[in-house]
file target-v2.tsv (TSV, C-alpha atoms)
chain	number	residue	atom	x	y	z
S	211	MET	CA	31.38	-17.35	32.76
S	212	GLN	CA	33.78	-15.48	35.01
S	213	ILE	CA	34.52	-11.80	35.20
S	214	SER	CA	37.43	-10.31	37.05
S	215	SER	CA	38.60	-6.72	37.08
S	216	CYS	CA	41.50	-4.57	38.07
S	217	ARG	CA	41.46	-0.81	38.53
S	218	ILE	CA	44.33	1.27	37.21
S	219	LYS	CA	43.76	4.98	37.63
S	220	GLN	CA	40.73	5.94	35.51
S	221	ALA	CA	40.77	2.64	33.69
S	222	LEU	CA	39.09	-0.64	34.55
S	223	VAL	CA	40.68	-3.73	33.05
S	224	VAL	CA	38.01	-6.42	32.76
S	225	LYS	CA	38.78	-10.03	31.96
S	226	ILE	CA	35.87	-12.08	30.63
S	227	GLU	CA	36.33	-15.84	30.72
S	228	GLY	CA	34.04	-18.39	29.11
S	229	GLU	CA	31.48	-17.77	26.38
S	230	LEU	CA	29.59	-14.58	25.60
S	231	ASP	CA	26.27	-15.28	23.89
S	232	HIS	CA	22.62	-14.35	24.40
S	233	HIS	CA	22.41	-16.76	27.35
S	234	THR	CA	25.32	-15.22	29.28
S	235	ALA	CA	24.99	-11.61	28.05
S	236	ASP	CA	22.53	-10.49	30.75
S	237	ALA	CA	24.77	-11.61	33.61
S	238	VAL	CA	27.81	-9.99	31.99
S	239	ARG	CA	25.90	-6.76	31.40
S	240	GLU	CA	24.75	-6.65	35.04
S	241	ARG	CA	28.26	-7.19	36.37
S	242	LEU	CA	29.75	-4.55	34.11
S	243	ASP	CA	27.07	-2.01	34.93
S	244	SER	CA	27.59	-2.47	38.66
S	245	MET	CA	31.31	-1.83	38.11
S	246	LEU	CA	30.45	1.30	36.13
S	247	GLU	CA	28.44	2.70	39.03
S	248	ASP	CA	31.77	4.17	40.09
S	249	PRO	CA	31.63	7.43	38.10
S	250	SER	CA	35.40	7.88	38.12
S	251	ILE	CA	35.85	5.01	35.66
S	252	LYS	CA	36.33	6.53	32.22
S	253	TYR	CA	38.05	3.73	30.36
S	254	MET	CA	37.16	0.06	30.02
S	255	ILE	CA	39.78	-2.31	28.69
S	256	PHE	CA	38.45	-5.79	27.94
S	257	ASP	CA	40.96	-8.62	28.17
S	258	LEU	CA	39.48	-11.25	25.83
S	259	SER	CA	42.32	-13.77	26.06
S	260	GLN	CA	40.13	-16.27	27.93
S	261	LEU	CA	36.89	-15.60	26.05
S	262	LYS	CA	36.34	-18.85	24.16
S	263	PHE	CA	33.38	-17.80	22.06
S	264	MET	CA	31.39	-14.69	21.22
S	265	ASP	CA	28.52	-14.02	18.82
S	266	SER	CA	26.69	-10.81	17.98
S	267	SER	CA	25.10	-10.77	21.45
S	268	GLY	CA	28.51	-9.62	22.67
S	269	ILE	CA	28.42	-6.65	20.29
S	270	GLY	CA	25.37	-5.29	22.09
S	271	VAL	CA	27.18	-5.66	25.42
S	272	PHE	CA	30.20	-3.67	24.20
S	273	ILE	CA	28.11	-0.96	22.54
S	274	GLY	CA	26.02	-0.50	25.69
S	275	ARG	CA	29.10	0.00	27.90
S	276	TYR	CA	30.69	2.24	25.26
S	277	LYS	CA	27.65	4.53	25.52
S	278	VAL	CA	28.17	4.86	29.28
S	279	VAL	CA	31.90	5.64	29.30
S	280	SER	CA	31.83	7.81	26.18
S	281	GLN	CA	29.38	10.10	28.00
S	282	ARG	CA	32.12	10.50	30.61
S	283	GLY	CA	34.61	11.41	27.90
S	284	GLY	CA	36.16	7.94	28.07
S	285	ALA	CA	36.56	5.00	25.74
S	286	VAL	CA	36.38	1.20	25.41
S	287	SER	CA	39.16	-0.97	24.08
S	288	VAL	CA	39.82	-4.69	23.63
S	289	VAL	CA	43.05	-6.65	23.96
S	290	TYR	CA	44.19	-10.21	23.19
S	291	VAL	CA	41.39	-10.73	20.67
S	292	THR	CA	41.17	-14.29	19.27
S	293	PRO	CA	40.56	-14.78	15.50
S	294	GLN	CA	36.91	-15.88	15.87
S	295	ILE	CA	36.02	-12.91	18.05
S	296	ASN	CA	38.04	-10.55	15.87
S	297	LYS	CA	35.94	-11.58	12.89
S	298	VAL	CA	32.69	-10.87	14.76
S	299	LEU	CA	33.98	-7.47	15.90
S	300	GLU	CA	35.17	-6.59	12.40
S	301	VAL	CA	31.99	-7.64	10.60
S	302	SER	CA	29.81	-5.68	12.98
S	303	GLY	CA	31.83	-2.50	12.49
S	304	LEU	CA	32.64	-2.28	16.19
S	305	TYR	CA	36.20	-1.13	15.50
S	306	ARG	CA	34.74	2.17	14.38
S	307	ILE	CA	34.00	2.97	18.03
S	308	ILE	CA	36.33	0.78	20.08
S	309	ARG	CA	40.08	0.30	19.69
S	310	LYS	CA	42.01	-2.94	19.62
S	311	TYR	CA	45.46	-3.21	21.21
S	312	ASP	CA	47.98	-6.03	21.39
S	313	SER	CA	48.47	-5.81	25.15
S	314	ILE	CA	46.99	-4.35	28.32
S	315	GLU	CA	50.10	-2.14	28.70
S	316	GLU	CA	49.57	-0.71	25.24
S	317	ALA	CA	45.88	-0.06	25.92
S	318	LEU	CA	46.72	1.58	29.26
S	319	SER	CA	49.40	3.84	27.84
S	320	ALA	CA	46.95	4.96	25.15
S	321	VAL	CA	44.66	6.30	27.90
S	322	GLY	CA	47.48	7.68	30.02
S	323	GLY	CA	47.05	4.92	32.59
S	324	CYS	CA	50.74	4.06	32.82
S	325	ASP	CA	51.99	7.61	33.43
S	326	GLU	CA	54.23	7.99	36.45
Z	121	MET	CA	25.01	-34.46	-4.52
Z	122	GLU	CA	25.03	-37.42	-2.18
Z	123	VAL	CA	24.44	-36.93	1.54
Z	124	ILE	CA	27.29	-38.55	3.51
Z	125	ASN	CA	25.66	-38.19	6.90
Z	126	GLU	CA	22.84	-36.27	8.55
Z	127	MET	CA	21.46	-35.49	11.98
Z	128	ARG	CA	18.47	-33.85	13.55
Z	129	LEU	CA	18.35	-32.08	16.88
Z	130	GLU	CA	15.24	-30.89	18.73
Z	131	PHE	CA	15.26	-28.87	21.91
Z	132	PRO	CA	13.08	-26.37	23.78
Z	133	SER	CA	13.83	-22.71	23.10
Z	134	LYS	CA	15.80	-22.14	26.30
Z	135	SER	CA	18.83	-19.89	26.03
Z	136	GLN	CA	21.13	-22.42	27.68
Z	137	ASN	CA	20.60	-24.59	24.58
Z	138	GLU	CA	22.34	-22.02	22.35
Z	139	SER	CA	25.72	-23.34	23.45
Z	140	PHE	CA	24.51	-26.96	23.23
Z	141	ALA	CA	23.31	-26.47	19.63
Z	142	ARG	CA	26.43	-24.78	18.27
Z	143	VAL	CA	28.82	-27.22	19.96
Z	144	THR	CA	26.79	-30.22	18.73
Z	145	VAL	CA	26.69	-29.00	15.13
Z	146	ALA	CA	30.42	-28.23	15.26
Z	147	ALA	CA	31.16	-31.73	16.58
Z	148	PHE	CA	29.06	-33.25	13.79
Z	149	ALA	CA	30.74	-31.03	11.15
Z	150	ALA	CA	34.13	-32.28	12.38
Z	151	GLN	CA	33.49	-35.46	10.34
Z	152	LEU	CA	34.34	-33.39	7.24
Z	153	ASP	CA	37.69	-32.48	8.78
Z	154	PRO	CA	37.20	-28.72	8.52
Z	155	THR	CA	39.83	-26.16	9.52
Z	156	LEU	CA	39.64	-24.48	12.95
Z	157	GLU	CA	38.43	-21.31	11.25
Z	158	GLU	CA	35.67	-23.15	9.40
Z	159	ILE	CA	34.54	-24.77	12.67
Z	160	ALA	CA	34.48	-21.36	14.39
Z	161	ASP	CA	32.48	-19.91	11.47
Z	162	ILE	CA	29.90	-22.71	11.68
Z	163	LYS	CA	29.58	-22.37	15.47
Z	164	THR	CA	29.06	-18.62	15.25
Z	165	ALA	CA	26.45	-18.81	12.48
Z	166	VAL	CA	24.49	-21.58	14.25
Z	167	SER	CA	24.58	-19.57	17.46
Z	168	GLU	CA	23.07	-16.56	15.66
Z	169	ALA	CA	20.32	-18.57	13.99
Z	170	VAL	CA	19.35	-20.43	17.18
Z	171	THR	CA	19.40	-17.19	19.19
Z	172	ASN	CA	17.07	-15.61	16.63
Z	173	ALA	CA	14.67	-18.55	16.93
Z	174	ILE	CA	14.61	-18.18	20.72
Z	175	ILE	CA	14.39	-14.39	20.98
Z	176	HIS	CA	12.38	-13.50	17.89
Z	177	GLY	CA	10.64	-16.71	16.83
Z	178	TYR	CA	9.32	-17.67	20.24
Z	179	GLU	CA	9.83	-14.31	21.98
Z	180	ASN	CA	10.99	-16.12	25.09
Z	181	THR	CA	8.00	-18.43	25.28
Z	182	ILE	CA	8.88	-22.11	25.02
Z	183	GLY	CA	8.63	-23.83	21.66
Z	184	ILE	CA	10.69	-26.41	19.84
Z	185	VAL	CA	13.77	-25.45	17.85
Z	186	THR	CA	14.85	-28.00	15.25
Z	187	VAL	CA	18.35	-28.13	13.81
Z	188	ILE	CA	19.05	-30.38	10.83
Z	189	ALA	CA	22.59	-30.79	9.53
Z	190	LYS	CA	23.59	-32.61	6.36
Z	191	LEU	CA	27.14	-33.39	5.34
Z	192	TYR	CA	28.14	-33.59	1.69
Z	193	GLU	CA	31.55	-33.89	0.13
Z	194	GLY	CA	33.22	-30.59	1.01
Z	195	LYS	CA	29.96	-28.98	2.10
Z	196	ILE	CA	27.72	-28.69	5.14
Z	197	GLU	CA	24.09	-27.65	5.06
Z	198	ILE	CA	22.37	-26.61	8.30
Z	199	GLU	CA	18.72	-25.74	8.82
Z	200	VAL	CA	17.47	-23.99	11.95
Z	201	ILE	CA	13.71	-24.17	12.20
Z	202	ASP	CA	11.19	-22.66	14.61
Z	203	GLU	CA	7.40	-22.75	14.65
Z	204	GLY	CA	7.21	-19.26	16.10
Z	205	LYS	CA	5.77	-15.93	15.03
Z	206	GLY	CA	7.63	-15.65	11.73
Z	207	ILE	CA	9.15	-12.61	10.04
Z	208	GLU	CA	6.97	-10.01	8.34
Z	209	ASP	CA	9.65	-8.32	6.26
Z	210	ILE	CA	12.64	-10.61	5.64
Z	211	GLU	CA	14.61	-8.02	3.67
Z	212	LYS	CA	14.35	-5.57	6.55
Z	213	ALA	CA	15.27	-8.22	9.13
Z	214	ARG	CA	18.44	-9.06	7.19
Z	215	GLN	CA	19.66	-5.47	7.05
Z	216	PRO	CA	22.74	-4.74	9.18
Z	217	LEU	CA	21.92	-2.98	12.46
Z	218	TYR	CA	18.18	-3.60	12.12
Z	219	THR	CA	16.68	-4.98	15.30
Z	220	SER	CA	13.05	-5.33	16.29
Z	221	LYS	CA	14.17	-5.36	19.93
Z	222	PRO	CA	16.49	-2.39	20.56
Z	223	GLU	CA	15.41	-2.37	24.22
Z	224	LEU	CA	17.24	-5.68	24.68
Z	225	GLU	CA	20.53	-4.14	23.56
Z	226	ARG	CA	20.59	-6.40	20.53
Z	227	SER	CA	23.04	-5.30	17.87
Z	228	GLY	CA	20.98	-6.23	14.82
Z	229	MET	CA	24.01	-7.97	13.34
Z	230	GLY	CA	22.81	-11.58	13.52
Z	231	PHE	CA	22.04	-12.07	9.81
Z	232	THR	CA	25.10	-10.05	8.79
Z	233	VAL	CA	27.28	-12.38	10.85
Z	234	MET	CA	25.58	-15.45	9.32
Z	235	GLU	CA	26.07	-14.06	5.80
Z	236	THR	CA	29.73	-13.28	6.44
Z	237	PHE	CA	30.58	-16.57	8.11
Z	238	MET	CA	28.68	-18.86	5.73
Z	239	ASP	CA	28.56	-19.07	1.93
Z	240	GLU	CA	24.77	-19.12	1.55
Z	241	VAL	CA	22.00	-17.97	3.87
Z	242	GLU	CA	18.40	-18.58	2.90
Z	243	VAL	CA	15.47	-17.40	5.01
Z	244	ILE	CA	11.98	-18.80	4.56
Z	245	SER	CA	9.38	-17.22	6.80
Z	246	ALA	CA	5.91	-15.73	6.98
Z	247	PRO	CA	3.94	-14.21	9.87
Z	248	GLY	CA	2.48	-16.98	12.02
Z	249	GLN	CA	4.26	-19.66	9.97
Z	250	GLY	CA	7.57	-19.91	11.79
Z	251	THR	CA	11.02	-19.41	10.30
Z	252	ARG	CA	13.46	-21.70	8.51
Z	253	VAL	CA	17.04	-20.49	8.10
Z	254	LYS	CA	19.25	-22.53	5.80
Z	255	LEU	CA	23.01	-22.08	6.16
Z	256	VAL	CA	25.48	-23.54	3.68
Z	257	LYS	CA	29.24	-23.64	3.95
Z	258	TYR	CA	31.71	-25.03	1.44
Z	259	LEU	CA	34.78	-26.42	3.14
Z	260	LYS	CA	38.11	-25.70	1.54
Z	261	SER	CA	39.77	-28.75	3.02
Z	262	ALA	CA	39.40	-32.01	1.08
Z	263	GLY	CA	38.52	-33.71	4.38
Z	264	GLY	CA	35.18	-35.06	3.20
Z	265	GLU	CA	36.84	-37.00	0.43
Z	266	LEU	CA	39.66	-38.24	2.68
Z	267	ARG	CA	37.20	-39.41	5.26
Z	268	ARG	CA	35.26	-41.46	2.74
Z	269	ASN	CA	38.41	-43.09	1.44
Z	270	ASP	CA	39.39	-43.95	5.01
Z	271	GLY	CA	36.10	-45.77	5.39
Z	272	GLN	CA	36.77	-47.86	2.30
Z	273	GLY	CA	39.92	-49.13	3.97

call {"tool": "encode", "arguments": {"input": "target-v2.tsv", "output": "structure tokens"}}
result
Amino acid sequence: MQISSCRIKQALVVKIEGELDHHTADAVRERLDSMLEDPSIKYMIFDLSQLKFMDSSGIGVFIGRYKVVSQRGGAVSVVYVTPQINKVLEVSGLYRIIRKYDSIEEALSAVGGCDE
Amino acid sequence: MEVINEMRLEFPSKSQNESFARVTVAAFAAQLDPTLEEIADIKTAVSEAVTNAIIHGYENTIGIVTVIAKLYEGKIEIEVIDEGKGIEDIEKARQPLYTSKPELERSGMGFTVMETFMDEVEVISAPGQGTRVKLVKYLKSAGGELRRNDGQG
């Protein structure tokens, strides 16, 4: 499990590599929460292109981070979602609170991150 | 219906075995030549059931989780069994968003995911009696049949 991030204005682009299940969820949660200690981060964009597997444990991780940024008036989005993960996100109703985009650029422009 | 092949897996309820269990069952299911989507469905459902056994059945104490998989023509049957605390109200536990452990940031979607990804989900449980979750998936590919014919030369 690897997590890397890149800050673009008020948005944090987070790439999660590996598998997100109950076993790895705690470590992921800790990493994300330490990133969110910076109160100027309003938007989290998760790049899931290298996430090989996710079950409903991942849903809890996304909802928890959504609660934090939504209190700051921000939002959570996901990009490059694979079919297996898309199915888990759809079934759990997560798309009612987080948005899915086709690319990081698209997700950034939706939050004004690419403005000159 | 004739069982083509079967396997039994036993492991302690450690969370690192969640990945081991779902990958092993998926590898075994591959004998039926399922599609990539069917394999992903099976992996996800097994992961949910095994996670439930570890978190809820044994509540993070160590017990034995047993996984039995049986292959039939065009069908896989998987049982995930724990000898843990059991479920008091199965109907309630199966409801979407219900979780007995909200403090753990659990989504309460485990059974909903299993029901969506598999064709049949049966839960047998009683307090103090452990839990047995039976997952059935019918495979659209005719791989089971092909495989058997291969064997006959």

call {"tool": "interface_residues", "arguments": {"input": "target-v2.tsv", "of": "chain Z", "to": "chain S", "cutoff": "7 Å", "atoms": "all atoms listed in the file", "output": "ChimeraX atom specification"}}
result
/Z:135-136,160,164,167-168,171,225-227,229-230,233

call {"tool": "closest_atom_pairs", "arguments": {"input": "target-v2.tsv", "of": "region 122-181 of chain Z", "to": "region 196-208 of chain Z", "cutoff": "7 Å", "atoms": "only C-alpha atoms", "output": "CSV"}}
result
residue,atom,partner,partner_atom,distance
Z:Ala169,CA,Z:Val200,CA,6.5
Z:Val170,CA,Z:Val200,CA,6.6
Z:Ala173,CA,Z:Asp202,CA,5.9
Z:Gly177,CA,Z:Gly204,CA,4.3
Z:Tyr178,CA,Z:Gly204,CA,4.9

call {"tool": "atom_distance", "arguments": {"input": "target-v2.tsv", "atom1": "CA of Ile184 (chain Z)", "atom2": "CA of Thr219 (chain Z)"}}
result
22.7 Å

call {"tool": "residues_around", "arguments": {"input": "target-v2.tsv", "residues": "Met127 (chain Z)", "least_positions_apart": "3", "cutoff": "7 Å", "atoms": "only C-alpha atoms", "output": "PyMOL selection string"}}
result
chain Z and resi 188-190

call {"tool": "closest_residue", "arguments": {"input": "target-v2.tsv", "among": "Z:Val187, Z:Ile159, Z:Ile174, Z:Val256", "to": "Glu240 (chain Z)", "atoms": "only C-alpha atoms"}}
result
Z:Val256

call {"tool": "closest_residue", "arguments": {"input": "target-v2.tsv", "among": "S:Val278, S:Val238, S:Ala221, S:Leu304", "to": "Ile251 (chain S)", "atoms": "all atoms listed in the file"}}
result
S:Ala221

call {"tool": "atom_distance", "arguments": {"input": "target-v2.tsv", "atom1": "CA of Arg275 (chain S)", "atom2": "CA of Lys310 (chain S)"}}
result
15.6 Å

call {"tool": "axis_aligned_box", "arguments": {"input": "target-v2.tsv", "around": "region 191-203 of chain Z", "padding_each_side": "6 Å", "output": "lines of an AutoDock Vina configuration file"}}
result
center_x = 20.3
center_y = -28.3
center_z = 7.4
size_x = 37.8
size_y = 23.2
size_z = 26.5

call {"tool": "closest_residue", "arguments": {"input": "target-v2.tsv", "among": "Z:Gly194, Z:Pro132, Z:Pro154, Z:Gly248", "to": "Thr181 (chain Z)", "atoms": "all atoms listed in the file"}}
result
Z:Pro132

call {"tool": "residues_around", "arguments": {"input": "target-v2.tsv", "residues": "Ile307 (chain S)", "least_positions_apart": "6", "cutoff": "10 Å", "atoms": "all atoms listed in the file", "output": "ChimeraX atom specification"}}
result
/S:272-273,276-277,280,285-287
